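Dropping start.tsv in here (TSV, C-alpha atoms):
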```
chain	number	residue	atom	x	y	z
T	18	MET	CA	106.14	240.54	-69.95
T	19	ASN	CA	109.04	238.99	-71.89
T	20	VAL	CA	110.57	235.55	-71.38
T	21	ALA	CA	113.32	236.92	-69.13
T	22	HIS	CA	110.75	238.50	-66.82
T	23	TRP	CA	108.73	235.25	-66.72
T	24	SER	CA	111.89	233.30	-65.87
T	25	LEU	CA	112.76	235.73	-63.07
T	26	ALA	CA	109.22	235.55	-61.69
T	27	GLY	CA	109.33	231.77	-61.76
T	28	LEU	CA	112.67	231.75	-59.95
T	29	LEU	CA	111.37	234.09	-57.24
T	30	MET	CA	108.29	231.92	-56.76
T	31	ALA	CA	110.47	228.81	-56.45
T	32	VAL	CA	112.72	230.49	-53.88
T	33	SER	CA	109.69	231.66	-51.90
T	34	ALA	CA	108.18	228.17	-51.95
T	35	HIS	CA	111.47	226.70	-50.76
T	36	ALA	CA	111.66	229.24	-47.93
T	37	LEU	CA	108.17	228.30	-46.80
T	38	ALA	CA	109.05	224.60	-46.92
T	39	VAL	CA	112.09	225.06	-44.65
T	40	ALA	CA	110.47	225.51	-41.26
T	41	ASP	CA	112.24	227.42	-38.50
T	42	PRO	CA	112.02	225.20	-35.39
T	43	VAL	CA	112.35	228.09	-32.94
T	44	THR	CA	109.42	229.87	-34.57
T	45	VAL	CA	107.31	226.70	-34.60
T	46	TYR	CA	108.11	225.99	-30.95
T	47	ASN	CA	107.60	229.53	-29.65
T	48	GLN	CA	104.91	230.88	-31.98
T	49	GLY	CA	103.30	227.89	-33.67
T	50	GLY	CA	103.06	226.66	-37.23
T	51	VAL	CA	101.83	228.38	-40.37
T	52	ASN	CA	98.39	226.90	-39.73
T	53	PRO	CA	96.96	228.77	-36.69
T	54	ALA	CA	95.66	225.46	-35.30
T	55	ALA	CA	99.28	224.35	-34.79
T	56	MET	CA	99.65	226.18	-31.49
T	57	ALA	CA	103.01	227.05	-29.96
T	58	CYS	CA	104.68	224.15	-28.13
T	59	VAL	CA	106.11	226.46	-25.49
T	60	THR	CA	102.66	227.10	-24.06
T	61	CYS	CA	102.47	223.62	-22.54
T	62	HIS	CA	105.98	222.19	-22.71
T	63	GLY	CA	108.04	225.03	-21.23
T	64	THR	CA	110.62	227.41	-22.61
T	65	GLU	CA	113.25	224.68	-23.06
T	66	GLY	CA	111.01	221.66	-23.50
T	67	GLU	CA	111.29	220.86	-19.80
T	68	GLY	CA	107.55	220.21	-19.43
T	69	MET	CA	105.11	221.53	-16.85
T	70	ALA	CA	104.75	219.09	-13.99
T	71	ALA	CA	101.88	220.89	-12.27
T	72	ALA	CA	99.71	220.58	-15.37
T	73	GLY	CA	100.96	217.12	-16.36
T	74	PHE	CA	102.60	218.23	-19.61
T	75	PRO	CA	105.61	216.03	-20.45
T	76	ARG	CA	109.26	216.90	-20.88
T	77	LEU	CA	110.30	216.82	-24.55
T	78	ALA	CA	113.91	218.00	-24.29
T	79	GLY	CA	116.33	215.23	-25.16
T	80	LEU	CA	113.73	212.74	-26.41
T	81	SER	CA	114.38	210.81	-29.61
T	82	ALA	CA	113.31	212.79	-32.67
T	83	ASN	CA	111.95	209.63	-34.28
T	84	HIS	CA	109.91	208.86	-31.19
T	85	MET	CA	108.42	212.36	-31.13
T	86	LYS	CA	107.64	212.26	-34.86
T	87	LYS	CA	105.85	208.94	-34.38
T	88	GLN	CA	103.77	210.37	-31.55
T	89	LEU	CA	102.77	213.37	-33.69
T	90	ALA	CA	101.81	211.02	-36.53
T	91	ASP	CA	99.80	208.87	-34.13
T	92	PHE	CA	98.02	211.91	-32.72
T	93	ALA	CA	97.20	213.05	-36.24
T	94	SER	CA	95.83	209.63	-37.24
T	95	GLY	CA	93.90	209.16	-34.00
T	96	GLU	CA	95.96	206.13	-33.00
T	97	ARG	CA	96.84	208.08	-29.87
T	98	ALA	CA	94.00	210.13	-28.44
T	99	ASN	CA	94.45	213.53	-26.83
T	100	PRO	CA	92.08	216.49	-27.24
T	101	ILE	CA	94.92	219.04	-27.13
T	102	MET	CA	97.53	217.32	-29.27
T	103	GLN	CA	95.31	215.85	-32.00
T	104	PRO	CA	94.35	219.15	-33.71
T	105	ILE	CA	97.90	220.47	-33.32
T	106	ALA	CA	99.43	217.37	-34.91
T	107	VAL	CA	96.95	217.52	-37.81
T	108	ALA	CA	97.79	221.20	-38.41
T	109	LEU	CA	101.59	220.82	-38.36
T	110	SER	CA	103.22	220.35	-41.74
T	111	SER	CA	105.70	217.50	-42.13
T	112	GLU	CA	108.49	220.08	-42.42
T	113	GLU	CA	107.42	221.76	-39.19
T	114	ALA	CA	107.18	218.44	-37.35
T	115	GLU	CA	110.61	217.41	-38.61
T	116	ALA	CA	112.21	220.72	-37.63
T	117	VAL	CA	110.77	221.04	-34.14
T	118	THR	CA	111.40	217.40	-33.15
T	119	MET	CA	115.01	217.58	-34.34
T	120	MET	CA	115.53	220.75	-32.33
T	121	LEU	CA	114.08	219.22	-29.17
T	122	ALA	CA	116.09	216.02	-29.60
T	123	GLU	CA	119.31	218.06	-29.61
T	124	LYS	CA	118.57	219.54	-26.18
T	125	PRO	CA	120.38	217.83	-23.28
T	126	PRO	CA	118.46	215.04	-21.53
T	127	LEU	CA	118.29	214.76	-17.76
T	128	ASP	CA	121.54	213.53	-16.24
T	129	VAL	CA	120.34	211.24	-13.46
T	130	GLU	CA	122.02	208.61	-11.34
T	131	ARG	CA	121.66	205.21	-13.01
T	132	ILE	CA	119.62	202.86	-10.84
T	133	GLY	CA	119.16	199.34	-12.17
T	134	ARG	CA	117.73	195.97	-11.26
T	135	ALA	CA	120.63	195.12	-8.95
T	136	SER	CA	119.90	198.07	-6.63
T	137	LEU	CA	118.16	197.67	-3.30
T	138	VAL	CA	114.51	198.66	-3.36
T	139	GLN	CA	112.12	200.20	-0.90
T	140	GLY	CA	108.55	201.25	-1.47
T	141	LEU	CA	105.99	200.08	-3.98
T	142	GLY	CA	106.97	202.41	-6.81
T	143	GLN	CA	110.66	201.55	-6.75
T	144	THR	CA	109.87	197.84	-6.43
T	145	LEU	CA	107.75	197.91	-9.58
T	146	ALA	CA	110.33	200.01	-11.41
T	147	LEU	CA	113.30	197.77	-10.56
T	148	ARG	CA	111.74	194.36	-9.87
T	149	GLY	CA	108.34	194.32	-11.51
T	150	ALA	CA	105.66	191.89	-10.37
T	151	TRP	CA	106.37	188.79	-12.39
T	152	ASP	CA	103.67	186.75	-10.66
T	153	ARG	CA	101.25	188.98	-12.64
T	154	ASN	CA	103.38	189.22	-15.80
T	155	ILE	CA	104.52	192.76	-15.00
T	156	PRO	CA	108.19	193.20	-15.96
T	157	GLU	CA	110.35	195.79	-14.26
T	158	CYS	CA	110.18	199.14	-16.08
T	159	VAL	CA	113.97	199.43	-16.33
T	160	ALA	CA	114.12	196.23	-18.41
T	161	CYS	CA	112.88	198.21	-21.42
T	162	HIS	CA	113.35	201.85	-20.46
T	163	GLY	CA	116.91	201.46	-19.17
T	164	PRO	CA	118.48	202.15	-15.76
T	165	SER	CA	116.49	204.83	-13.91
T	166	GLY	CA	114.13	204.86	-16.90
T	167	VAL	CA	116.43	207.17	-18.90
T	168	GLY	CA	115.09	205.77	-22.17
T	169	VAL	CA	116.44	203.38	-24.81
T	170	GLY	CA	116.48	204.23	-28.50
T	171	ASP	CA	113.38	205.32	-30.38
T	172	ALA	CA	110.91	202.82	-28.94
T	173	PHE	CA	111.36	203.26	-25.18
T	174	PRO	CA	111.18	206.93	-24.13
T	175	PRO	CA	112.55	208.34	-20.87
T	176	LEU	CA	110.42	207.99	-17.76
T	177	ALA	CA	112.85	209.68	-15.37
T	178	GLY	CA	111.81	213.19	-14.51
T	179	GLN	CA	108.51	213.05	-16.36
T	180	PRO	CA	105.56	214.48	-14.38
T	181	ALA	CA	103.78	211.90	-12.25
T	182	GLN	CA	100.45	213.15	-13.57
T	183	TYR	CA	101.58	212.57	-17.14
T	184	LEU	CA	102.93	209.07	-16.49
T	185	SER	CA	99.83	207.98	-14.58
T	186	SER	CA	97.52	209.37	-17.26
T	187	GLN	CA	99.37	207.40	-19.95
T	188	LEU	CA	99.23	204.16	-17.96
T	189	SER	CA	95.51	204.73	-17.44
T	190	ALA	CA	95.05	205.41	-21.16
T	191	TRP	CA	96.78	202.14	-22.06
T	192	ARG	CA	94.69	200.30	-19.49
T	193	GLN	CA	91.47	201.78	-20.90
T	194	GLY	CA	92.52	201.25	-24.52
T	195	THR	CA	92.45	204.93	-25.45
T	196	ARG	CA	96.17	204.74	-26.13
T	197	LYS	CA	97.29	201.79	-28.22
T	198	ASN	CA	100.23	202.94	-30.29
T	199	ASP	CA	102.97	200.71	-28.88
T	200	PRO	CA	104.27	197.52	-30.53
T	201	ASN	CA	102.22	194.40	-29.77
T	202	ASP	CA	100.20	196.22	-27.09
T	203	LEU	CA	103.05	195.64	-24.64
T	204	MET	CA	102.12	198.60	-22.44
T	205	GLY	CA	98.44	197.73	-22.65
T	206	HIS	CA	99.10	194.26	-21.21
T	207	ILE	CA	101.23	195.72	-18.42
T	208	ALA	CA	98.85	198.55	-17.55
T	209	ARG	CA	95.82	196.27	-17.37
T	210	ASN	CA	97.58	194.27	-14.66
T	211	LEU	CA	98.42	197.30	-12.53
T	212	THR	CA	96.21	198.57	-9.74
T	213	ASP	CA	95.40	202.25	-9.27
T	214	GLU	CA	97.74	202.31	-6.27
T	215	GLU	CA	100.56	200.79	-8.31
T	216	ILE	CA	100.09	203.25	-11.20
T	217	LYS	CA	100.27	206.15	-8.74
T	218	ALA	CA	103.31	204.75	-6.93
T	219	VAL	CA	105.45	203.93	-9.97
T	220	SER	CA	104.56	207.24	-11.65
T	221	GLU	CA	105.57	209.19	-8.55
T	222	TYR	CA	108.81	207.22	-8.28
T	223	PHE	CA	109.99	208.09	-11.79
T	224	ALA	CA	108.91	211.69	-11.37
T	225	THR	CA	111.36	212.05	-8.46
T	226	LEU	CA	114.32	210.85	-10.53
T	227	THR	CA	115.86	214.16	-11.49
T	228	GLU	CA	119.30	215.73	-11.67
T	229	THR	CA	118.88	216.92	-8.09
T	230	GLY	CA	117.74	213.72	-6.41
T	231	ALA	CA	116.52	210.15	-6.61
T	232	GLY	CA	113.22	208.77	-5.40
T	233	LYS	CA	112.42	205.96	-3.08
```

Serialized structure, structure tokens:
Amino acid sequence: MNVAHWSLAGLLMAVSAHALAVADPVTVYNQGGVNPAAMACVTCHGTEGEGMAAAGFPRLAGLSANHMKKQLADFASGERANPIMQPIAVALSSEEAEAVTMMLAEKPPLDVERIGRASLVQGLGQTLALRGAWDRNIPECVACHGPSGVGVGDAFPPLAGQPAQYLSSQLSAWRQGTRKNDPNDLMGHIARNLTDEEIKAVSEYFATLTETGAGK
């Protein structure tokens, strides 16, 4: 093979390598990554990233891309434990993780009525969400996660509309120390001061905050 042929072969190999490096987010989400262990996101998180409440799988649509990338990195490192997500996060390439999180972040978030600390409260869940329990060093959830828990920036993800089962499982994980990937163990301190009844109540409250209604 002459030099021209070698040059053409090298160019084709470079183009092919570039094509492999540019991940298609729709393919990753619906079919999985190049590594078979990186299973399709749609299986658990719904066709549009809306989550699956009955199974406790969270909504991803509209979340911060940086937040989602951090969670994938923490799953991969073991900083955040989950038997389903850990092998998937390890198997995803950085290009695939970047592509799929950017795609999900561009989807519209839930448009819910903004309920803040000045609102009247009724029920245990809403009281914790909007008032906290400062006698036990439990701040109100909306202080960090924004009115109605719609999320603030990269560090404080949305709580509104997330499945109650998912929220309660995360609070339990922080309380037990199996999740510890938040700054300064803020959520760990809060969760350890919550009772089982309070975890259930506040999780159910945020789960009812959707585009079609607001919880009590």

Subject >> Separation of atom CA of T:Pro175 from atom CA of T:Gly163 in Å >> reply: 8.3 Å

**OP:** Excluding stretch 116-131 of chain T and residues on its chain fewer than 3 positions from it, collect all residues at most 7 Å away from it, counting only C-alpha atoms, and give them as a ChimeraX atom specification.
**Re:** /T:40-42,45-46,66,77-82,85-86,112-113,164-165,226-228

Original post:
From the list T:Glu67, T:Glu157, T:Asp91, T:Asp152, which residue is nearest T:Asp199 when using only C-alpha atoms?
Top reply: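 Selected residue with least distance to T:Asp199: T:Asp91.
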
**OP:** Do a neighbour search on T:Ala90 at 9 Å with all atoms listed in the file, toss out local chain neighbours closer than 6 positions, and write the hits as a ChimeraX atom specification.
**Re:** /T:96-97,106-107

**OP:** Quick one: pull the distance between atom CA of T:Gly166 and atom CA of T:Asn47, Å, one decimal.
**Re:**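 Spanning atom CA of T:Gly166 to atom CA of T:Asn47 is a straight-line distance of 28.5 Å.
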
Original post:
Which distance in Å separates atom CA of T:Cys161 and atom CA of T:Phe173, to one decimal?
Top reply: 6.5 Å
